[in-house]
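Novice: I'm passing along query17.txt; it holds compact mmCIF, C-alpha atoms.
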# COMPACT_ATOMS: atom_id res chain seq x y z
CA MET A 942 0.00 0.00 0.00
CA PHE A 943 3.06 2.29 0.17
CA PRO A 944 5.44 3.39 -2.57
CA GLY A 945 8.48 1.15 -2.84
CA VAL A 946 6.60 -1.86 -1.51
CA ASN A 947 6.43 -4.79 -3.91
CA GLY A 948 3.14 -4.74 -5.74
CA PHE A 949 2.41 -1.04 -5.23
CA HIS A 950 0.78 0.76 -8.14
CA TRP A 951 -0.23 4.39 -8.47
CA THR A 952 -3.94 3.84 -8.61
CA ALA A 953 -6.79 6.05 -7.46
CA GLY A 954 -7.42 3.76 -4.47
CA HIS A 955 -3.81 3.93 -3.36
CA LEU A 956 -3.74 7.73 -3.72
CA ILE A 957 -6.85 8.06 -1.57
CA PHE A 958 -5.40 5.75 1.06
CA LEU A 959 -2.07 7.63 1.17
CA GLY A 960 -3.88 10.96 1.41
CA VAL A 961 -5.97 9.80 4.35
CA PHE A 962 -3.03 8.09 6.06
CA TYR A 963 -0.67 11.06 5.91
CA SER A 964 -3.47 13.44 6.93
CA VAL A 965 -3.98 11.37 10.10
CA VAL A 966 -0.22 11.32 10.72
CA ALA A 967 -0.06 15.11 10.29
CA VAL A 968 -2.95 15.65 12.74
CA ILE A 969 -1.32 13.36 15.34
CA ALA A 970 2.05 15.08 14.92
CA ALA A 971 0.49 18.54 15.22
CA THR A 972 -1.40 17.48 18.34
CA LEU A 973 1.77 16.15 19.95
CA VAL A 974 3.68 19.33 19.12
CA ARG A 975 0.89 21.50 20.57
CA SER A 976 0.79 19.33 23.70
CA LEU A 977 4.55 19.62 24.16
CA LEU A 978 4.45 23.38 23.69
CA ARG A 979 1.54 23.70 26.10
CA SER A 980 3.32 21.52 28.66
CA ARG A 981 6.46 23.63 28.31
CA LYS A 982 4.42 26.81 28.77
CA ASP A 983 2.64 25.35 31.83
CA PHE A 984 6.01 24.38 33.31
CA ASP A 985 7.46 27.84 32.68
CA THR A 986 4.46 29.63 34.24
CA GLY A 987 4.21 27.33 37.27
CA LYS A 988 1.01 25.62 36.19
CA ALA A 989 2.74 22.26 36.29
CA GLU A 990 3.10 22.48 40.07
CA ALA A 991 -0.53 23.56 40.42
CA ILE A 992 -1.60 20.52 38.39
CA ARG A 993 0.61 18.27 40.50
CA TRP A 994 -0.88 19.66 43.72
CA ARG A 995 -4.43 19.10 42.47
CA GLU A 996 -3.58 15.49 41.68
CA ASP A 997 -1.88 14.99 45.06
CA PHE A 998 -4.83 16.57 46.86
CA SER A 999 -7.29 14.26 45.13
CA ASP A 1000 -5.18 11.30 46.33
CA LEU A 1001 -5.48 12.32 49.98
CA PRO A 1002 -7.96 10.21 51.99
CA ALA A 1003 -11.16 11.97 53.04
CA ARG A 1004 -10.00 12.27 56.65
CA ASP A 1005 -7.10 14.43 55.47
CA ARG A 1006 -9.28 16.75 53.36
CA LYS A 1007 -11.36 18.17 56.18
CA CYS A 1008 -12.42 21.79 55.69
CA ARG A 1009 -10.72 24.20 58.10
CA HIS A 1010 -14.14 25.30 59.33
CA GLU A 1011 -14.94 21.75 60.40
CA LEU A 1012 -11.62 21.57 62.25
CA ALA A 1013 -12.52 24.81 64.03
CA GLY A 1014 -15.94 23.44 64.99
CA GLU A 1015 -17.85 25.93 62.85
CA VAL A 1016 -19.62 23.25 60.82
CA ALA A 1017 -20.43 19.65 61.74
CA GLU A 1018 -18.95 18.04 58.65
CA ARG A 1019 -17.45 19.39 55.47
CA LEU A 1020 -14.74 18.19 53.09
CA CYS A 1021 -12.65 20.71 51.22
CA ASP A 1022 -13.22 20.50 47.48
CA ASN A 1023 -10.93 23.41 46.64
CA ALA A 1024 -7.47 21.94 47.33
CA PHE A 1025 -7.12 23.94 50.58
CA ASP A 1026 -7.16 27.21 48.64
CA CYS A 1027 -9.69 29.37 50.48
CA ARG A 1028 -8.79 32.34 48.27
CA THR A 1029 -11.06 31.02 45.53
CA CYS A 1030 -13.59 29.17 47.71
CA LEU A 1031 -17.13 30.52 47.32
CA MET A 1032 -18.14 29.40 50.82
CA HIS A 1033 -15.17 30.76 52.77
CA PRO A 1034 -16.44 34.37 52.91
CA GLU A 1035 -19.77 33.10 54.27
CA PHE A 1036 -18.02 31.21 57.06
CA GLU A 1037 -15.88 34.25 57.82
CA ARG A 1038 -18.94 36.51 58.10
CA ALA A 1039 -20.65 33.99 60.37
CA ARG A 1040 -17.51 33.78 62.51
CA ALA A 1041 -17.52 37.56 62.96
CA THR A 1042 -21.02 37.46 64.48
CA ARG A 1043 -20.16 34.83 67.10
CA ALA A 1044 -18.45 35.28 70.41
CA ILE A 1045 -14.74 34.63 69.90
CA LYS A 1046 -13.40 31.80 72.01
CA PRO A 1047 -10.02 32.52 73.54
CA ALA A 1048 -7.19 30.93 71.62
CA LEU A 1049 -5.41 28.01 73.21
CA ARG A 1050 -2.46 29.49 75.02
CA GLU A 1051 0.92 28.92 73.46
CA GLY A 1052 2.55 25.73 74.69
CA ALA A 1053 -0.70 24.15 75.86
CA LEU A 1054 -0.21 21.27 73.41
CA GLY A 1055 3.13 20.41 74.93
CA PHE A 1056 5.28 22.21 72.36
CA PRO A 1057 5.60 25.76 70.96
CA LEU A 1058 2.78 26.99 68.74
CA PRO A 1059 3.27 30.75 68.37
CA LEU A 1060 0.10 32.57 67.36
CA ASP A 1061 1.91 35.58 65.87
CA ARG A 1062 2.03 33.99 62.43
CA PHE A 1063 0.02 32.14 59.80
CA TYR A 1064 0.13 28.38 59.29
CA HIS A 1065 -0.07 26.27 56.15
CA ARG A 1066 -1.59 22.81 56.35
CA GLY A 1067 1.64 21.34 55.01
CA HIS A 1068 3.26 22.26 58.36
CA THR A 1069 5.05 25.45 57.47
CA TRP A 1070 4.50 28.86 59.03
CA VAL A 1071 4.62 32.34 57.55
CA LYS A 1072 5.66 35.31 59.69
CA PRO A 1073 5.29 38.82 58.19
CA GLN A 1074 8.21 41.19 58.71
CA PRO A 1075 8.21 45.00 59.06
CA ASP A 1076 9.95 45.42 55.68
CA GLY A 1077 7.14 43.64 53.81
CA THR A 1078 8.98 40.34 53.44
CA VAL A 1079 7.99 37.13 55.20
CA LEU A 1080 9.90 34.38 56.92
CA ILE A 1081 8.96 30.75 56.29
CA GLY A 1082 9.84 27.84 58.52
CA LEU A 1083 8.62 24.46 59.71
CA ASP A 1084 6.13 24.38 62.57
CA GLU A 1085 7.08 22.41 65.67
CA LEU A 1086 5.25 19.25 64.64
CA GLY A 1087 6.86 19.40 61.21
CA LYS A 1088 10.32 19.78 62.76
CA ARG A 1089 9.79 16.80 65.02
CA MET A 1090 8.57 14.65 62.14
CA MET A 1091 11.49 15.62 59.94
CA GLY A 1092 14.13 15.59 62.64
CA ALA A 1093 17.62 16.51 61.46
CA PRO A 1094 17.66 16.09 57.65
CA ASP A 1095 20.65 14.40 56.07
CA ARG A 1096 20.45 17.03 53.32
CA MET A 1097 18.31 19.96 52.21
CA GLU A 1098 17.80 21.22 48.67
CA LEU A 1099 16.91 24.90 49.04
CA PRO A 1100 15.82 27.29 46.27
CA ALA A 1101 18.36 29.86 45.16
CA PRO A 1102 17.68 33.58 45.69
CA GLY A 1103 15.50 34.85 42.87
CA THR A 1104 13.53 31.59 42.61
CA ARG A 1105 9.77 32.02 42.46
CA ILE A 1106 7.71 29.75 44.67
CA ARG A 1107 3.99 29.18 44.33
CA THR A 1108 1.39 28.18 46.88
CA ASN A 1109 1.31 24.37 47.25
CA GLY A 1110 4.26 24.04 44.90
CA THR A 1111 7.74 23.04 46.04
CA ALA A 1112 9.29 25.21 48.75
CA TRP A 1113 12.31 22.97 49.37
CA LEU A 1114 13.33 19.32 49.49
CA ALA A 1115 14.72 17.45 52.48
CA GLY A 1116 16.32 14.02 52.70
CA ARG A 1117 16.40 11.62 55.64
CA ASN A 1118 17.19 7.91 55.91
CA GLY A 1119 17.64 7.70 52.15
CA ALA A 1120 14.16 9.10 51.42
CA ARG A 1121 13.32 12.51 50.00
CA LEU A 1122 10.48 14.75 51.15
CA ARG A 1123 8.93 17.73 49.34
CA VAL A 1124 7.81 20.59 51.59
CA LEU A 1125 4.95 22.64 50.15
CA ALA A 1126 5.24 26.40 49.72
CA PRO A 1127 2.69 28.33 51.79
CA ILE A 1128 2.56 31.49 49.62
CA ASP A 1129 3.43 32.93 46.21
CA GLY A 1130 6.62 34.97 46.11
CA THR A 1131 10.28 35.35 45.26
CA VAL A 1132 12.99 33.85 47.46
CA LEU A 1133 15.38 36.46 48.81
CA ALA A 1134 17.44 34.19 51.05
CA ALA A 1135 17.52 30.55 52.09
CA HIS A 1136 19.45 28.77 54.77
CA ALA A 1137 19.28 25.49 56.62
CA PRO A 1138 19.39 26.13 60.38
CA ASP A 1139 21.79 23.88 62.23
CA GLU A 1140 20.47 20.91 64.18
CA THR A 1141 20.56 22.68 67.55
CA LEU A 1142 18.62 25.68 66.24
CA MET A 1143 16.04 23.48 64.54
CA LYS A 1144 15.40 21.57 67.76
CA THR A 1145 15.34 24.44 70.23
CA ARG A 1146 13.90 27.50 68.53
CA ASN A 1147 10.65 27.87 66.66
CA GLU A 1148 12.07 31.05 65.13
CA ALA A 1149 14.41 29.02 62.93
CA TRP A 1150 13.37 30.23 59.50
CA ILE A 1151 14.41 28.57 56.27
CA LEU A 1152 13.23 30.98 53.55
CA ARG A 1153 12.90 34.74 53.41
CA VAL A 1154 10.43 35.61 50.67
CA ARG A 1155 9.02 38.74 49.11
CA PRO A 1156 5.31 38.08 48.42
CA ASP A 1157 4.07 38.66 44.89
CA SER A 1158 1.86 41.60 45.87
CA GLY A 1159 2.30 44.39 48.36
CA LYS A 1160 -0.72 43.14 50.30
CA PRO A 1161 -0.60 39.33 50.30
CA ASN A 1162 -3.78 37.29 50.37
CA TRP A 1163 -3.59 35.12 53.50
CA LYS A 1164 -7.08 33.61 53.23
CA HIS A 1165 -5.79 30.09 52.58
CA LEU A 1166 -3.62 30.10 55.71
CA LEU A 1167 -4.73 29.21 59.23
CA TYR A 1168 -4.60 31.77 62.01
CA GLY A 1169 -5.83 32.55 65.50
CA ASN A 1170 -8.20 30.12 67.22
CA GLU A 1171 -8.30 27.67 64.33
CA VAL A 1172 -4.55 26.97 64.53
CA SER A 1173 -4.76 25.12 67.85
CA ALA A 1174 -7.88 23.23 66.73
CA TRP A 1175 -6.09 22.14 63.55
CA MET A 1176 -2.95 21.13 65.41
CA MET A 1177 -4.90 18.96 67.84
CA LYS A 1178 -6.49 17.21 64.87
CA GLU A 1179 -3.04 16.76 63.34
CA LEU A 1180 -1.80 15.07 66.51
CA GLU A 1181 -4.78 12.71 66.32
CA ARG A 1182 -4.03 12.04 62.66
CA LEU A 1183 -0.39 11.35 63.46
CA GLN A 1184 -1.35 8.93 66.22
CA LEU A 1185 -3.69 7.10 63.83
CA LEU A 1186 -1.00 6.81 61.17
CA ARG A 1187 1.63 5.75 63.71
CA SER A 1188 -0.61 3.06 65.21
CA SER A 1189 -0.67 1.28 61.86
CA ALA A 1190 3.11 1.36 61.50
CA ARG A 1191 5.54 -1.30 62.71
CA SER A 1192 7.87 1.29 64.21
CA ALA A 1193 8.79 2.03 67.79
CA PRO A 1194 6.64 4.62 69.56
CA THR A 1195 6.94 8.10 68.08
CA LEU A 1196 4.71 9.88 70.60
CA ALA A 1197 5.76 10.52 74.16
CA ASP A 1198 3.42 10.18 77.13
CA GLY A 1199 0.51 12.59 76.74
CA GLY A 1200 0.48 12.32 72.96
CA VAL A 1201 3.29 14.80 72.31
CA PRO A 1202 5.70 13.83 69.48
CA VAL A 1203 9.22 13.00 70.57
CA ALA A 1204 11.89 15.49 69.54
CA ASP A 1205 13.12 13.42 66.56
CA PHE A 1206 10.96 10.43 65.84
CA ALA A 1207 12.46 10.11 62.34
CA ALA A 1208 15.30 8.36 64.15
CA THR A 1209 12.89 5.56 65.12
CA LEU A 1210 11.68 4.91 61.57
CA ASP A 1211 13.22 3.14 58.61
CA LYS A 1212 13.18 4.68 55.13
CA ARG A 1213 9.84 3.20 54.10
CA GLU A 1214 8.04 4.13 57.30
CA TRP A 1215 9.45 7.68 57.44
CA ASP A 1216 8.67 8.28 53.79
CA ALA A 1217 5.07 7.05 54.14
CA LEU A 1218 4.33 8.80 57.44
CA CYS A 1219 5.85 12.15 56.52
CA GLY A 1220 4.39 11.93 53.04
CA GLU A 1221 0.89 11.91 54.48
CA MET A 1222 1.53 14.48 57.19
CA PHE A 1223 3.23 16.88 54.77
CA LEU A 1224 0.41 16.32 52.22
CA GLU A 1225 2.58 14.34 49.82
CA PRO A 1226 0.62 11.05 49.44
Rewrite the structure from the file as structure tokens, please.

Specialist:
Amino acid sequence: MFPGVNGFHWTAGHLIFLGVFYSVVAVIAATLVRSLLRSRKDFDTGKAEAIRWREDFSDLPARDRKCRHELAGEVAERLCDNAFDCRTCLMHPEFERARATRAIKPALREGALGFPLPLDRFYHRGHTWVKPQPDGTVLIGLDELGKRMMGAPDRMELPAPGTRIRTNGTAWLAGRNGARLRVLAPIDGTVLAAHAPDETLMKTRNEAWILRVRPDSGKPNWKHLLYGNEVSAWMMKELERLQLLRSSARSAPTLADGGVPVADFAATLDKREWDALCGEMFLEP
């Protein structure tokens, strides 16, 4: 049926076949080229990380996709269907207005959970915090539970100054026990400085920041981050989630008496267990 093949003849039937065949090939080739160009454009504009996060979020079990307003006791039951991005959630403003009309319960005092939980900053559900600075920049670090889960990393892959990070994209990578963990970025912005605090600082001070970032806009949108009273409610739920995940593992105990995580329970886990446990807790299923 093709030129050069024994028995081929230039007949009307063969010409029609070749015309149809090469038209299909041209359409397939053009589609592939367009897909590659679109993928390259999505990668360059950060859409690839947004797509990855949406896929990861959909893989999370229902118990890990609880709406922040359920965690805060403002609604009996509600799953988040917006990938933890309250900035574009149609219901979030309604919950916020309802919250404003209720008596505000006092926030759980700092340290009441058995470890530091400063309430002078915003928290991302991937266990990072964001602390605004007087010069308009923000500091980003791991919250206390995140530090105890990660322990002292064998290595950290930090973004270079000038790198743009995007909410729920990659903030930095950390390695431990031969496994690698991706920490999610809590905001959109440009990295100004990055450093890995030494082991002593990571264990003893909650002020140990890892990234200094200039947010994309002069007035950042914090709606997707946890703050105030809901932080302690969320953290208590996270401790329950950690206990549930740990109870199904074969590892040695990772929670001390009273349900407080030990200072470095990564040391009690092998590569597979640490990777699986931290993957779920850091929203990397």

Novice: Tell me which protein, DNA and RNA residues are within 6 Å of Cys1027 (chain A), counting all atoms listed in the file, leaving out same-chain ones fewer than 3 positions away, and put them as an MDAnalysis selection string.

Specialist: chainID A and resid 1030 1164:1165

Novice: Quick one, how far is CA of Arg1107 (chain A) from CA of Met1222 (chain A)?

Specialist: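 Computed distance, CA of Arg1107 (chain A) to CA of Met1222 (chain A), equals 19.7 Å.
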
Novice: For region 1069-1073 of chain A, I'd like the enclosing box, axis-aligned and padded by 8 Å on every side, reported as JSON with centre and edge lengths in Å to one decimal.

Specialist:
{"center_x": 5.1, "center_y": 32.1, "center_z": 58.6, "size_x": 17.2, "size_y": 29.4, "size_z": 18.2}

Novice: Per residue of region 1082-1190 of chain A within 8 Å of region 1055-1071 of chain A, which atom pair is closest and at what distance in Å (one decimal), using all atoms listed in the file, listed by chain and increasing number, as a tab-separated table?

Specialist:
residue	atom	partner	partner_atom	distance
A:Gly1082	CA	A:Thr1069	CA	5.5
A:Leu1083	CA	A:Thr1069	CA	4.3
A:Asp1084	CA	A:Thr1069	CA	5.3
A:Glu1085	CA	A:Pro1057	CA	6.4
A:Leu1086	CA	A:His1068	CA	7.2
A:Gly1087	CA	A:His1068	CA	5.4
A:Val1124	CA	A:Gly1067	CA	7.1
A:Leu1125	CA	A:Gly1067	CA	6.0
A:Ala1126	CA	A:Thr1069	CA	7.8
A:Pro1127	CA	A:His1065	CA	5.6
A:Asn1147	CA	A:Pro1057	CA	7.0
A:Trp1163	CA	A:Phe1063	CA	7.8
A:His1165	CA	A:His1065	CA	7.7
A:Leu1166	CA	A:His1065	CA	5.2
A:Leu1167	CA	A:Tyr1064	CA	4.9
A:Tyr1168	CA	A:Phe1063	CA	5.1
A:Gly1169	CA	A:Leu1060	CA	6.2
A:Val1172	CA	A:Tyr1064	CA	7.2
A:Ser1173	CA	A:Leu1058	CA	7.8

Novice: So, counting all atoms listed in the file, which residue among A:Thr1131, A:Thr952, A:Ser1188, A:Asn1170 is closest to Arg1009 (chain A)?

Specialist: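 Counting all atoms listed in the file, the residue closest to Arg1009 (chain A) is A:Asn1170.
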
Novice: What is the distance, in Å and to one decimal place, between CA of Glu1171 (chain A) and CA of Asp1000 (chain A)?

Specialist: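 Value for the CA of Glu1171 (chain A)-CA of Asp1000 (chain A) distance: 24.5 Å.
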
Novice: Quick one: pull the distance between CA of Thr1029 (chain A) and CA of Leu1080 (chain A), Å, one decimal.

Specialist: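 Between these atoms lies a distance of 24.1 Å.
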
Novice: Pick out the closest residue to Ala1137 (chain A) from this set: A:Ala1024, A:Ala1115, A:Ile992, A:Ala1041. Count all atoms listed in the file.

Specialist: A:Ala1115

Novice: List every protein, DNA or RNA residue that has an atom no more than 9 Å from (-5.3, 8.4, 59.6) in the file's coordinate frame, counting all atoms listed in the file, and report them as a list in words.

Specialist: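 Every residue inside that radius is included here: Pro1002, Arg1004, Asp1005, Glu1181, Arg1182, Leu1183, Gln1184, Leu1185, Leu1186, Arg1187, Ser1189 and Glu1221 of chain A.
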
Novice: Nearest to Ala991 (chain A) among A:Arg1096, A:Asp1129, A:Gly960, A:Gly954, with distances taken over only C-alpha atoms: which residue is it?

Specialist: A:Asp1129

Novice: Just the residues within 7 Å of Ala1120 (chain A), please, counting all atoms listed in the file, with nothing from its chain fewer than 4 positions along; format it as a PyMOL selection string.

Specialist: chain A and resi 1116+1212+1216

Novice: Please dump the current selection as a short mmCIF file (atom, residue, chain, number, x, y, z; two decimals), in the coordinates of the input; keep C-alpha atoms.

Specialist:
data_model
loop_
_atom_site.label_atom_id
_atom_site.label_comp_id
_atom_site.auth_asym_id
_atom_site.auth_seq_id
_atom_site.Cartn_x
_atom_site.Cartn_y
_atom_site.Cartn_z
CA GLY A 1116 16.32 14.02 52.70
CA LYS A 1212 13.18 4.68 55.13
CA ASP A 1216 8.67 8.28 53.79
#

Novice: Find the residues near Arg1043 (chain A): any atom within 12 Å, counting all atoms listed in the file, skip ones fewer than 6 places away on the same chain, and give them as a PDB file with C-alpha atoms, in the frame of the given file.

Specialist:
ATOM      1  CA  GLU A1015     -17.850  25.930  62.850  1.00  0.00           C
ATOM      2  CA  PHE A1036     -18.020  31.210  57.060  1.00  0.00           C
ATOM      3  CA  GLU A1037     -15.880  34.250  57.820  1.00  0.00           C
TER       4      GLU A1037
END

Novice: Using only C-alpha atoms, can you tell me which of A:Leu1180, A:Ala971, A:Ala1017, A:Ile1128 comes closest to Asn1162 (chain A)?

Specialist: A:Ile1128
